[in-house]
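Working notes for the structure below.
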Amino acid sequence: MDTNIGTVSRAKRGTYRQHSTEFKRRVAEKSLVPGASVSRVARAHDLNANQVFAWRKLFHVGAFDTQSTLLPVVLSDPLQIDTQPAFTSTAVSPGVIILEVGKARLRLEGVVDSGMLALLLDRLLA
């Protein structure tokens with residue numbers, strides 16, 4: 001009995017499809033509608049159901065949120081930076097402050113500038 005062992009050639013796969021964040025968010029939202037089937041939503045958009053499940057996880061953690069807020073940044077001339085410390089008392093003991101508001105977590109270590117803390121709390125609680 002003769003056995004021929006030939007080389008098996010694999011078909012080359014195409015390039016990866018690139019989907020916009022908006023498309024991913026819409027598909028994830030459609031799959032989260034009560035009574036919706038993930039596999040049907042995936043087939044309707046020519047996707048694999050595993051991909052839709054991955055997008056649902058990202059949707060739940062807020063990866064597709066489009067309401068990002070940018071904070072203004074002001075760069076100052078390095079020669080004008082105040083080299084004096086913001087505090088003069090040596091009685092201040094460094095510590096740790098942990099604030100949790102919703103999904104946001106703020107950890108402050110050491111001596112904290114009160115002005116910066118007020119600004120962070122204002123932005124965090126807004």
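In the structure tokens, the first chain shown is A, the next is B, and so on; residue numbers restart at 1 for each chain, and ligands run from 1 in the order shown.
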Considering only C-alpha atoms, return as a compact mmCIF listing (two decimals) with N, CA and C atoms, in the first residue's frame whatever protein or nucleic-acid residues lie within 12 Å of Thr21 (chain A), sequence-local ones (same chain, fewer than 2 positions apart) excluded.
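out01.txt written:
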# COMPACT_ATOMS: atom_id res chain seq x y z
N GLN A 18 -11.86 46.71 9.07
CA GLN A 18 -11.79 47.77 10.07
C GLN A 18 -13.18 48.37 10.23
N HIS A 19 -13.69 48.35 11.45
CA HIS A 19 -15.01 48.91 11.72
C HIS A 19 -14.85 50.15 12.59
N PHE A 23 -19.93 52.13 14.50
CA PHE A 23 -20.52 50.88 14.02
C PHE A 23 -20.52 49.83 15.14
N LYS A 24 -19.40 49.71 15.82
CA LYS A 24 -19.29 48.73 16.92
C LYS A 24 -20.32 49.04 18.01
N ARG A 25 -20.46 50.32 18.35
CA ARG A 25 -21.41 50.71 19.38
C ARG A 25 -22.84 50.39 18.95
N ARG A 26 -23.19 50.68 17.69
CA ARG A 26 -24.54 50.40 17.19
C ARG A 26 -24.84 48.90 17.22
N VAL A 27 -23.88 48.07 16.79
CA VAL A 27 -24.09 46.62 16.79
C VAL A 27 -24.24 46.12 18.21
N ALA A 28 -23.41 46.61 19.13
CA ALA A 28 -23.50 46.18 20.54
C ALA A 28 -24.85 46.59 21.12
N TRP A 55 -17.54 43.01 21.55
CA TRP A 55 -17.94 44.41 21.49
C TRP A 55 -18.93 44.74 22.60
N LEU A 58 -16.90 45.46 25.68
CA LEU A 58 -16.31 46.80 25.58
C LEU A 58 -17.36 47.88 25.79
N PHE A 59 -18.57 47.63 25.29
CA PHE A 59 -19.66 48.59 25.45
C PHE A 59 -20.00 48.76 26.93
N GLY A 62 -17.66 50.98 28.79
CA GLY A 62 -17.63 52.36 28.33
C GLY A 62 -16.60 52.67 27.28
N ALA A 63 -16.09 51.66 26.58
CA ALA A 63 -15.05 51.89 25.58
C ALA A 63 -15.57 52.63 24.36
N PHE A 64 -16.88 52.60 24.13
CA PHE A 64 -17.44 53.25 22.94
C PHE A 64 -18.10 54.58 23.27
N ASP A 65 -17.91 55.09 24.47
CA ASP A 65 -18.50 56.37 24.83
C ASP A 65 -17.86 57.47 23.99
N THR A 66 -18.70 58.30 23.42
CA THR A 66 -18.20 59.38 22.58
C THR A 66 -18.26 60.73 23.28
Which residues come within 9 Å of Val52 (chain A), counting only C-alpha atoms, excluding same-chain residues fewer than 4 positions away, as a PDB file with N, CA and C atoms, in the first residue's frame?
ATOM      1  N   LYS A  24     -19.396  49.710  15.825  1.00  0.00           N
ATOM      2  CA  LYS A  24     -19.290  48.730  16.920  1.00  0.00           C
ATOM      3  C   LYS A  24     -20.315  49.038  18.010  1.00  0.00           C
ATOM      4  N   VAL A  27     -23.885  48.073  16.787  1.00  0.00           N
ATOM      5  CA  VAL A  27     -24.094  46.618  16.787  1.00  0.00           C
ATOM      6  C   VAL A  27     -24.243  46.120  18.213  1.00  0.00           C
ATOM      7  N   ALA A  28     -23.406  46.607  19.134  1.00  0.00           N
ATOM      8  CA  ALA A  28     -23.504  46.182  20.539  1.00  0.00           C
ATOM      9  C   ALA A  28     -24.850  46.593  21.122  1.00  0.00           C
ATOM     10  N   SER A  31     -27.595  44.303  19.938  1.00  0.00           N
ATOM     11  CA  SER A  31     -27.552  42.975  20.559  1.00  0.00           C
ATOM     12  C   SER A  31     -28.019  42.998  22.007  1.00  0.00           C
ATOM     13  N   VAL A  38     -27.929  37.483  19.668  1.00  0.00           N
ATOM     14  CA  VAL A  38     -26.596  37.946  19.271  1.00  0.00           C
ATOM     15  C   VAL A  38     -26.221  37.348  17.921  1.00  0.00           C
ATOM     16  N   SER A  39     -26.526  36.073  17.718  1.00  0.00           N
ATOM     17  CA  SER A  39     -26.151  35.444  16.454  1.00  0.00           C
ATOM     18  C   SER A  39     -26.912  36.054  15.279  1.00  0.00           C
ATOM     19  N   VAL A  41     -28.066  39.192  15.135  1.00  0.00           N
ATOM     20  CA  VAL A  41     -27.496  40.533  14.924  1.00  0.00           C
ATOM     21  C   VAL A  41     -26.167  40.403  14.185  1.00  0.00           C
ATOM     22  N   ALA A  42     -25.366  39.410  14.578  1.00  0.00           N
ATOM     23  CA  ALA A  42     -24.073  39.206  13.930  1.00  0.00           C
ATOM     24  C   ALA A  42     -24.258  38.849  12.460  1.00  0.00           C
ATOM     25  N   LEU A  47     -21.007  39.412  10.576  1.00  0.00           N
ATOM     26  CA  LEU A  47     -19.988  39.324  11.610  1.00  0.00           C
ATOM     27  C   LEU A  47     -20.055  37.969  12.299  1.00  0.00           C
ATOM     28  N   ASN A  48     -19.007  37.637  13.021  1.00  0.00           N
ATOM     29  CA  ASN A  48     -18.999  36.447  13.858  1.00  0.00           C
ATOM     30  C   ASN A  48     -19.627  36.819  15.195  1.00  0.00           C
ATOM     31  N   ARG A  56     -19.774  43.787  22.980  1.00  0.00           N
ATOM     32  CA  ARG A  56     -20.703  44.015  24.091  1.00  0.00           C
ATOM     33  C   ARG A  56     -19.941  44.254  25.388  1.00  0.00           C
ATOM     34  N   LYS A  57     -18.882  43.471  25.610  1.00  0.00           N
ATOM     35  CA  LYS A  57     -18.067  43.666  26.817  1.00  0.00           C
ATOM     36  C   LYS A  57     -17.446  45.053  26.819  1.00  0.00           C
TER      37      LYS A  57
END
